[in-house]
file target-v8.cif (mmCIF, C-alpha atoms)
data_data
#
loop_
_atom_site.label_atom_id
_atom_site.label_comp_id
_atom_site.auth_asym_id
_atom_site.auth_seq_id
_atom_site.Cartn_x
_atom_site.Cartn_y
_atom_site.Cartn_z
CA MET O 32 43.80 -8.31 58.13
CA THR O 33 40.03 -8.50 58.27
CA GLY O 34 38.08 -6.90 61.11
CA VAL O 35 34.45 -7.29 60.02
CA LYS O 36 33.64 -10.16 62.40
CA SER O 37 35.75 -8.86 65.29
CA ARG O 38 34.47 -5.29 64.78
CA ARG O 39 37.83 -3.94 65.91
CA GLU O 40 38.82 -0.42 64.95
CA PRO O 41 40.73 -0.40 61.64
CA ARG O 42 43.42 1.86 63.09
CA LEU O 43 44.07 -0.61 65.93
CA ILE O 44 44.26 -3.56 63.52
CA LEU O 45 46.71 -1.74 61.29
CA ASP O 46 48.86 -0.35 64.13
CA GLU O 47 49.17 -3.82 65.62
CA THR O 48 50.16 -5.26 62.24
CA VAL O 49 52.75 -2.57 61.55
CA GLN O 50 54.29 -3.00 65.01
CA LYS O 51 54.56 -6.74 64.44
CA MET O 52 56.17 -6.29 61.03
CA GLU O 53 58.67 -3.74 62.31
CA SER O 54 59.62 -6.04 65.20
CA LEU O 55 60.69 -8.83 62.85
CA PRO O 56 64.44 -9.43 62.53
CA ALA O 57 66.15 -8.07 59.45
CA SER O 58 66.31 -10.58 56.64
CA ARG O 59 66.84 -10.82 52.91
CA GLY O 60 63.08 -10.85 52.38
CA ALA O 61 60.43 -8.21 52.83
CA ALA O 62 57.00 -7.82 54.41
CA GLY O 63 53.84 -6.14 53.18
CA LEU O 64 50.27 -5.39 54.18
CA SER O 65 47.35 -7.59 53.21
CA PRO O 66 43.81 -6.47 53.97
CA HIS O 67 42.11 -9.73 53.03
CA ALA O 68 39.39 -8.64 50.57
CA PRO O 69 36.93 -5.79 50.05
CA TYR O 70 34.02 -7.80 51.45
CA SER O 71 35.90 -8.97 54.57
CA THR O 72 37.23 -5.54 55.49
CA VAL O 73 35.79 -2.07 55.92
CA PRO O 74 36.72 0.84 53.62
CA GLU O 75 38.73 2.60 56.34
CA LEU O 76 41.07 -0.38 56.74
CA LEU O 77 41.69 -0.40 52.98
CA ARG O 78 42.35 3.35 52.93
CA LEU O 79 44.70 3.27 55.92
CA SER O 80 46.56 0.22 54.58
CA ALA O 81 47.05 1.86 51.19
CA THR O 82 48.41 5.02 52.81
CA VAL O 83 50.80 3.23 55.17
CA ALA O 84 52.07 0.86 52.45
CA ARG O 85 52.72 3.79 50.14
CA ASP O 86 54.49 5.83 52.83
CA LYS O 87 56.71 2.93 53.93
CA GLY O 88 57.44 1.59 50.46
CA TRP O 89 55.71 -1.72 51.22
CA ARG O 90 53.72 -4.00 48.97
CA LEU O 91 49.93 -4.16 49.37
CA THR O 92 48.05 -7.38 48.61
CA THR O 93 44.33 -8.09 48.58
CA HIS O 94 41.96 -10.68 47.12
CA VAL O 95 39.57 -8.85 44.82
CA ALA O 96 36.77 -9.75 42.39
CA GLU O 97 37.30 -13.42 43.14
CA SER O 98 33.69 -14.58 42.90
CA ALA O 99 30.44 -13.78 41.13
CA GLU O 100 28.87 -13.27 44.57
CA GLU O 101 31.44 -10.60 45.48
CA PHE O 102 30.90 -8.86 42.15
CA GLU O 103 27.12 -8.86 42.65
CA MET O 104 27.48 -7.58 46.21
CA PHE O 105 29.48 -4.50 45.28
CA THR O 106 27.99 -3.78 41.88
CA HIS O 107 24.31 -4.31 42.67
CA ALA O 108 24.05 -4.43 46.51
CA ARG O 109 22.36 -7.79 46.45
CA GLY O 110 22.99 -11.53 46.31
CA PRO O 111 23.94 -14.29 48.77
CA MET O 112 27.20 -12.68 49.95
CA PHE O 113 25.49 -9.32 50.45
CA ASP O 114 22.64 -10.93 52.40
CA TRP O 115 24.99 -13.04 54.56
CA LEU O 116 27.23 -10.11 55.50
CA GLU O 117 24.26 -7.87 56.16
CA ARG O 118 22.84 -10.51 58.54
CA ASN O 119 26.22 -10.47 60.27
CA GLU O 120 25.94 -6.70 60.70
CA ARG O 121 28.58 -5.63 58.18
CA ASP O 122 27.87 -2.05 57.10
CA THR O 123 26.91 -2.43 53.44
CA ALA O 124 26.80 1.29 52.63
CA ASP O 125 29.85 0.72 50.40
CA CYS O 126 27.85 -1.60 48.12
CA GLY O 127 25.92 -0.73 44.97
CA LEU O 128 28.51 1.84 43.91
CA GLY O 129 30.44 -0.11 41.29
CA SER O 130 32.61 -3.20 40.89
CA PRO O 131 35.00 -4.52 43.55
CA VAL O 132 37.90 -3.08 41.54
CA GLN O 133 36.23 0.34 41.47
CA HIS O 134 35.72 -0.01 45.23
CA LEU O 135 39.50 -0.40 45.67
CA GLU O 136 40.06 2.63 43.46
CA ARG O 137 37.83 4.77 45.70
CA GLN O 138 39.89 3.70 48.73
CA GLY O 139 43.18 4.65 47.04
CA CYS O 140 44.44 1.07 46.77
CA LEU O 141 45.10 0.88 43.04
CA ALA O 142 48.78 1.71 42.58
CA ASN O 143 51.97 0.10 41.34
CA ASN O 144 52.62 -1.51 44.73
CA LEU O 145 49.32 -3.46 44.68
CA LEU O 146 49.05 -7.20 44.03
CA ALA O 147 45.40 -7.79 43.09
CA VAL O 148 44.80 -11.49 43.68
CA HIS O 149 42.23 -13.29 41.47
CA ALA O 150 40.49 -10.49 39.48
CA ASN O 151 38.16 -13.05 37.93
CA TYR O 152 35.03 -10.92 37.57
CA LEU O 153 35.64 -7.50 36.02
CA ALA O 154 33.37 -4.69 34.92
CA PRO O 155 34.04 -2.85 31.65
CA GLY O 156 37.04 -0.61 32.21
CA ASP O 157 38.42 -2.48 35.24
CA ALA O 158 41.34 -4.03 33.34
CA ALA O 159 42.22 -0.67 31.81
CA LEU O 160 42.14 0.85 35.31
CA PHE O 161 44.62 -1.78 36.49
CA GLY O 162 46.85 -0.88 33.57
CA ARG O 163 46.75 2.86 34.22
CA ARG O 164 47.58 2.40 37.91
CA GLY O 165 50.38 -0.12 37.32
CA VAL O 166 48.68 -2.85 39.35
CA SER O 167 49.92 -6.46 39.14
CA VAL O 168 47.32 -9.24 38.96
CA VAL O 169 47.97 -12.61 40.60
CA HIS O 170 46.13 -15.52 38.99
CA CYS O 171 45.81 -18.74 41.01
CA PRO O 172 44.90 -21.48 38.49
CA ARG O 173 44.24 -24.39 40.87
CA SER O 174 42.15 -22.30 43.25
CA HIS O 175 40.29 -20.95 40.22
CA ALA O 176 39.47 -24.48 39.09
CA PHE O 177 38.57 -25.61 42.63
CA PHE O 178 35.81 -22.99 42.87
CA GLN O 179 34.77 -23.45 39.23
CA HIS O 180 34.90 -19.76 38.45
CA ARG O 181 34.24 -18.52 34.95
CA ARG O 182 37.24 -18.29 32.64
CA PHE O 183 39.95 -15.97 33.96
CA PRO O 184 39.93 -12.82 31.73
CA ARG O 185 43.59 -13.18 30.79
CA GLU O 186 43.26 -11.71 27.33
CA GLU O 187 41.47 -8.59 28.58
CA ILE O 188 43.94 -8.02 31.41
CA ALA O 189 47.02 -8.69 29.29
CA GLY O 190 45.59 -6.43 26.57
CA ALA O 191 45.60 -3.59 29.10
CA SER O 192 49.38 -4.12 29.60
CA VAL O 193 48.88 -5.43 33.13
CA ASN O 194 51.61 -7.56 34.71
CA ILE O 195 50.08 -11.02 35.32
CA CYS O 196 51.84 -13.49 37.59
CA LEU O 197 50.96 -16.86 39.09
CA GLY O 198 50.17 -17.62 42.72
CA THR O 199 49.02 -20.56 44.81
CA ASP O 200 46.24 -19.01 46.96
CA SER O 201 45.97 -21.36 49.97
CA LEU O 202 45.66 -25.01 50.97
CA ALA O 203 41.96 -24.37 51.64
CA SER O 204 41.33 -24.24 47.88
CA MET O 205 43.55 -27.09 46.71
CA SER O 206 42.27 -30.40 45.37
CA LYS O 207 44.28 -33.40 46.53
CA GLY O 208 45.09 -35.97 43.89
CA ARG O 209 45.00 -39.62 44.82
CA GLY O 210 48.23 -40.54 46.54
CA GLN O 211 49.48 -36.96 46.25
CA PRO O 212 50.26 -34.61 49.16
CA LEU O 213 48.21 -31.47 49.64
CA GLU O 214 50.76 -28.76 48.93
CA LEU O 215 51.37 -25.28 47.56
CA ASN O 216 53.35 -25.84 44.38
CA LEU O 217 54.07 -23.34 41.61
CA PHE O 218 54.98 -26.16 39.22
CA ALA O 219 51.42 -27.43 39.66
CA GLU O 220 50.09 -23.92 39.06
CA MET O 221 52.12 -23.57 35.86
CA ASN O 222 50.88 -26.93 34.66
CA ALA O 223 47.24 -26.07 35.46
CA PHE O 224 47.54 -22.76 33.64
CA ALA O 225 49.15 -24.41 30.59
CA VAL O 226 46.33 -26.95 30.42
CA ALA O 227 43.69 -24.20 30.62
CA TYR O 228 45.49 -21.97 28.10
CA PRO O 229 47.20 -24.24 25.55
CA ASP O 230 47.66 -21.27 23.21
CA VAL O 231 50.05 -19.56 25.65
CA ARG O 232 53.72 -20.39 25.03
CA PRO O 233 55.51 -22.33 27.81
CA GLU O 234 58.11 -19.54 27.94
CA THR O 235 55.36 -17.06 28.80
CA VAL O 236 53.94 -19.36 31.48
CA LEU O 237 57.38 -19.68 33.10
CA GLN O 238 57.78 -15.90 33.03
CA MET O 239 54.47 -15.55 34.88
CA ALA O 240 55.88 -17.70 37.70
CA THR O 241 59.29 -16.01 37.82
CA VAL O 242 60.13 -12.59 36.38
CA ASN O 243 56.51 -11.37 36.47
CA GLY O 244 56.23 -12.36 40.11
CA ALA O 245 59.50 -10.58 40.88
CA ARG O 246 58.16 -7.45 39.22
CA ALA O 247 54.93 -7.65 41.24
CA LEU O 248 56.96 -7.81 44.45
CA GLY O 249 59.19 -4.90 43.42
CA TRP O 250 62.19 -7.25 43.17
CA GLN O 251 62.74 -7.18 39.42
CA GLY O 252 66.40 -7.59 38.55
CA LYS O 253 67.02 -9.26 41.94
CA ILE O 254 65.07 -12.53 41.83
CA GLY O 255 63.20 -14.63 39.29
CA GLU O 256 65.98 -14.72 36.68
CA LEU O 257 69.51 -15.94 36.16
CA SER O 258 71.51 -12.82 35.32
CA GLU O 259 74.34 -10.68 36.59
CA ASN O 260 73.74 -8.98 39.98
CA THR O 261 70.64 -11.04 40.81
CA LEU O 262 70.55 -13.03 44.06
CA ALA O 263 72.33 -16.37 43.92
CA ASP O 264 69.17 -18.49 43.99
CA MET O 265 68.52 -21.35 41.59
CA ILE O 266 66.68 -24.63 41.28
CA ALA O 267 67.31 -27.42 38.79
CA VAL O 268 64.98 -30.07 37.40
CA PRO O 269 65.95 -33.24 35.54
CA PHE O 270 65.92 -32.81 31.76
CA ALA O 271 67.64 -34.65 28.93
CA GLY O 272 65.69 -33.41 25.94
CA LYS O 273 66.29 -30.84 23.23
CA ARG O 274 66.97 -27.24 24.19
CA ALA O 275 63.84 -26.12 22.32
CA ASP O 276 61.73 -28.26 24.67
CA ALA O 277 63.24 -26.94 27.93
CA PHE O 278 60.50 -24.42 28.75
CA ASP O 279 57.78 -27.01 28.24
CA ALA O 280 59.66 -29.46 30.46
CA VAL O 281 59.87 -26.95 33.31
CA VAL O 282 56.21 -25.93 33.06
CA HIS O 283 55.06 -29.55 33.18
CA HIS O 284 57.66 -30.83 35.68
CA PRO O 285 55.81 -33.25 38.02
CA GLY O 286 58.27 -34.12 40.78
CA ASP O 287 60.89 -32.77 43.14
CA VAL O 288 63.75 -30.52 42.09
CA CYS O 289 67.16 -32.16 41.87
CA ALA O 290 69.14 -29.17 43.15
CA SER O 291 68.45 -25.94 45.03
CA LEU O 292 70.80 -23.01 45.60
CA ILE O 293 69.74 -20.33 48.12
CA ASP O 294 71.88 -17.24 48.66
CA GLY O 295 74.86 -18.98 47.12
CA GLN O 296 74.60 -22.07 49.33
CA TRP O 297 73.36 -25.48 48.25
CA ALA O 298 70.17 -26.40 50.09
CA ILE O 299 69.94 -29.50 47.87
CA ALA O 300 73.29 -30.28 46.31
CA PRO O 301 73.37 -31.59 42.75
CA VAL O 302 74.43 -35.19 42.31
CA ALA O 303 77.57 -35.49 40.23
#
call {"tool": "encode", "arguments": {"input": "target-v8.cif", "output": "structure tokens"}}
result
Amino acid sequence: MTGVKSRREPRLILDETVQKMESLPASRGAAGLSPHAPYSTVPELLRLSATVARDKGWRLTTHVAESAEEFEMFTHARGPMFDWLERNERDTADCGLGSPVQHLERQGCLANNLLAVHANYLAPGDAALFGRRGVSVVHCPRSHAFFQHRRFPREEIAGASVNICLGTDSLASMSKGRGQPLELNLFAEMNAFAVAYPDVRPETVLQMATVNGARALGWQGKIGELSENTLADMIAVPFAGKRADAFDAVVHHPGDVCASLIDGQWAIAPVA
């Protein structure tokens, strides 16, 4: 959901979205609300989305503090993003009042159902605020590299006991390797993260793509792990090395999976 360019009423945008979500057939999955980003929405849409998501028990996702330009816009009410949006008649009265994260806090968005995507540019205290509110942060390594952002503040965020998971962002921010398809691929994200943070154990990287993601979605104990009473989902990758090297092999796996089990049924059957 955006609304700045269309200038539609936030309540109409949200009502239309909720009606669409509630018309979807029942499935094993779940839906949530995603006001795109603080700069591409108006405060009322963020506030209404946070309230509805909380009341309905839905997840709330937004891209926040992704760029230096966004940080400058909200923190100092200036810069290229501020000027561009002002020329396009976005009301900038919400700028100059603090960081993008603090902006979300004022709209009531920071809570344990929020997935804060990116969080690259933080003001002092922002990471601690995430921690106090139980927010999950979604880091997208390949998108991060594509835009050449400054180093993701992993240590600061993790030090505030924030749940960090990995995401793909979108195809619009993917670099295509020679002879390689343009695709969203969490194996590629794990590999990119491991290259950028060689001090982080492969086991931790795998957790960021599995159990941490499940926790962010409110599905901990149901997906992202192989344990009793979780959903019968599984993938397998080829590996013939030592058990101690298994995590590293998964994180750096370059090709297709060799088996896939979804809801107890083989989508890709293993070869005997």
call {"tool": "closest_residue", "arguments": {"input": "target-v8.cif", "among": "O:Gln251, O:Thr261, O:Gln138, O:Asn119", "to": "Thr82 in chain O", "atoms": "only C-alpha atoms"}}
result
O:Gln138
call {"tool": "atom_distance", "arguments": {"input": "target-v8.cif", "atom1": "CA of Ala240 in chain O", "atom2": "CA of Leu146 in chain O"}}
result
14.0 Å
call {"tool": "closest_atom_pairs", "arguments": {"input": "target-v8.cif", "of": "range 146-224 of chain O", "to": "range 101-106 of chain O", "cutoff": "10 Å", "atoms": "all atoms listed in the file", "output": "Markdown table"}}
result
| residue | atom | partner | partner_atom | distance |
| --- | --- | --- | --- | --- |
| O:Asn151 | CA | O:Phe102 | CA | 9.4 |
| O:Tyr152 | CA | O:Phe102 | CA | 6.5 |
| O:Leu153 | CA | O:Phe102 | CA | 7.9 |
| O:Ala154 | CA | O:Phe102 | CA | 8.7 |
call {"tool": "residues_around", "arguments": {"input": "target-v8.cif", "residues": "Val95 in chain O", "least_positions_apart": "5", "cutoff": "9 Å", "atoms": "only C-alpha atoms", "output": "ChimeraX atom specification"}}
result
/O:67-70,101,131-132,135,147-152
call {"tool": "resolve_selection", "arguments": {"input": "target-v8.cif", "expression": "the PyMOL selection byres ((chain O and resi 178-186) around 9)", "output": "PyMOL selection string"}}
result
chain O and resi 97-99+149-153+170+172-177+187-191+195+204+227
call {"tool": "resolve_selection", "arguments": {"input": "target-v8.cif", "expression": "the PyMOL selection byres ((chain O and resi 277-286) around 12)", "output": "PyMOL selection string"}}
result
chain O and resi 211-212+216-226+229+231-241+266-276+287-289
call {"tool": "residues_near_point", "arguments": {"input": "target-v8.cif", "point": "(56.3, -2.3, 62.7)", "cutoff": "12 Å", "atoms": "only C-alpha atoms", "output": "list in words"}}
result
Leu45, Asp46, Glu47, Thr48, Val49, Gln50, Lys51, Met52, Glu53, Ser54, Leu55, Pro56, Ala57, Ala62, Gly63, Leu64, Val83, Ala84, Lys87 and Trp89 of chain O
call {"tool": "atom_distance", "arguments": {"input": "target-v8.cif", "atom1": "CA of Leu145 in chain O", "atom2": "CA of Val166 in chain O"}}
result
5.4 Å
call {"tool": "residues_around", "arguments": {"input": "target-v8.cif", "residues": "Arg85 in chain O", "least_positions_apart": "5", "cutoff": "9 Å", "atoms": "all atoms listed in the file", "output": "list in words"}}
result
Ser80, Arg90, Leu91, Ala142 and Asn144 of chain O
call {"tool": "write_last_selection", "arguments": {"input": "target-v8.cif", "atoms": "C-alpha atoms", "output": "mmCIF file, in the frame of the given file"}}
result
data_model
loop_
_atom_site.group_PDB
_atom_site.id
_atom_site.type_symbol
_atom_site.label_atom_id
_atom_site.label_comp_id
_atom_site.auth_asym_id
_atom_site.auth_seq_id
_atom_site.Cartn_x
_atom_site.Cartn_y
_atom_site.Cartn_z
ATOM 1 C CA SER O 80 46.560 0.220 54.580
ATOM 2 C CA ARG O 90 53.720 -4.000 48.970
ATOM 3 C CA LEU O 91 49.930 -4.160 49.370
ATOM 4 C CA ALA O 142 48.780 1.710 42.580
ATOM 5 C CA ASN O 144 52.620 -1.510 44.730
#
call {"tool": "atom_distance", "arguments": {"input": "target-v8.cif", "atom1": "CA of Asp157 in chain O", "atom2": "CA of Leu116 in chain O"}}
result
24.4 Å
call {"tool": "closest_residue", "arguments": {"input": "target-v8.cif", "among": "O:Leu215, O:Asp294, O:Asn194, O:Pro301", "to": "Ser58 in chain O", "atoms": "only C-alpha atoms"}}
result
O:Asp294
call {"tool": "closest_residue", "arguments": {"input": "target-v8.cif", "among": "O:Val169, O:Leu197, O:Leu202, O:Leu248", "to": "Gly88 in chain O", "atoms": "all atoms listed in the file"}}
result
O:Leu248
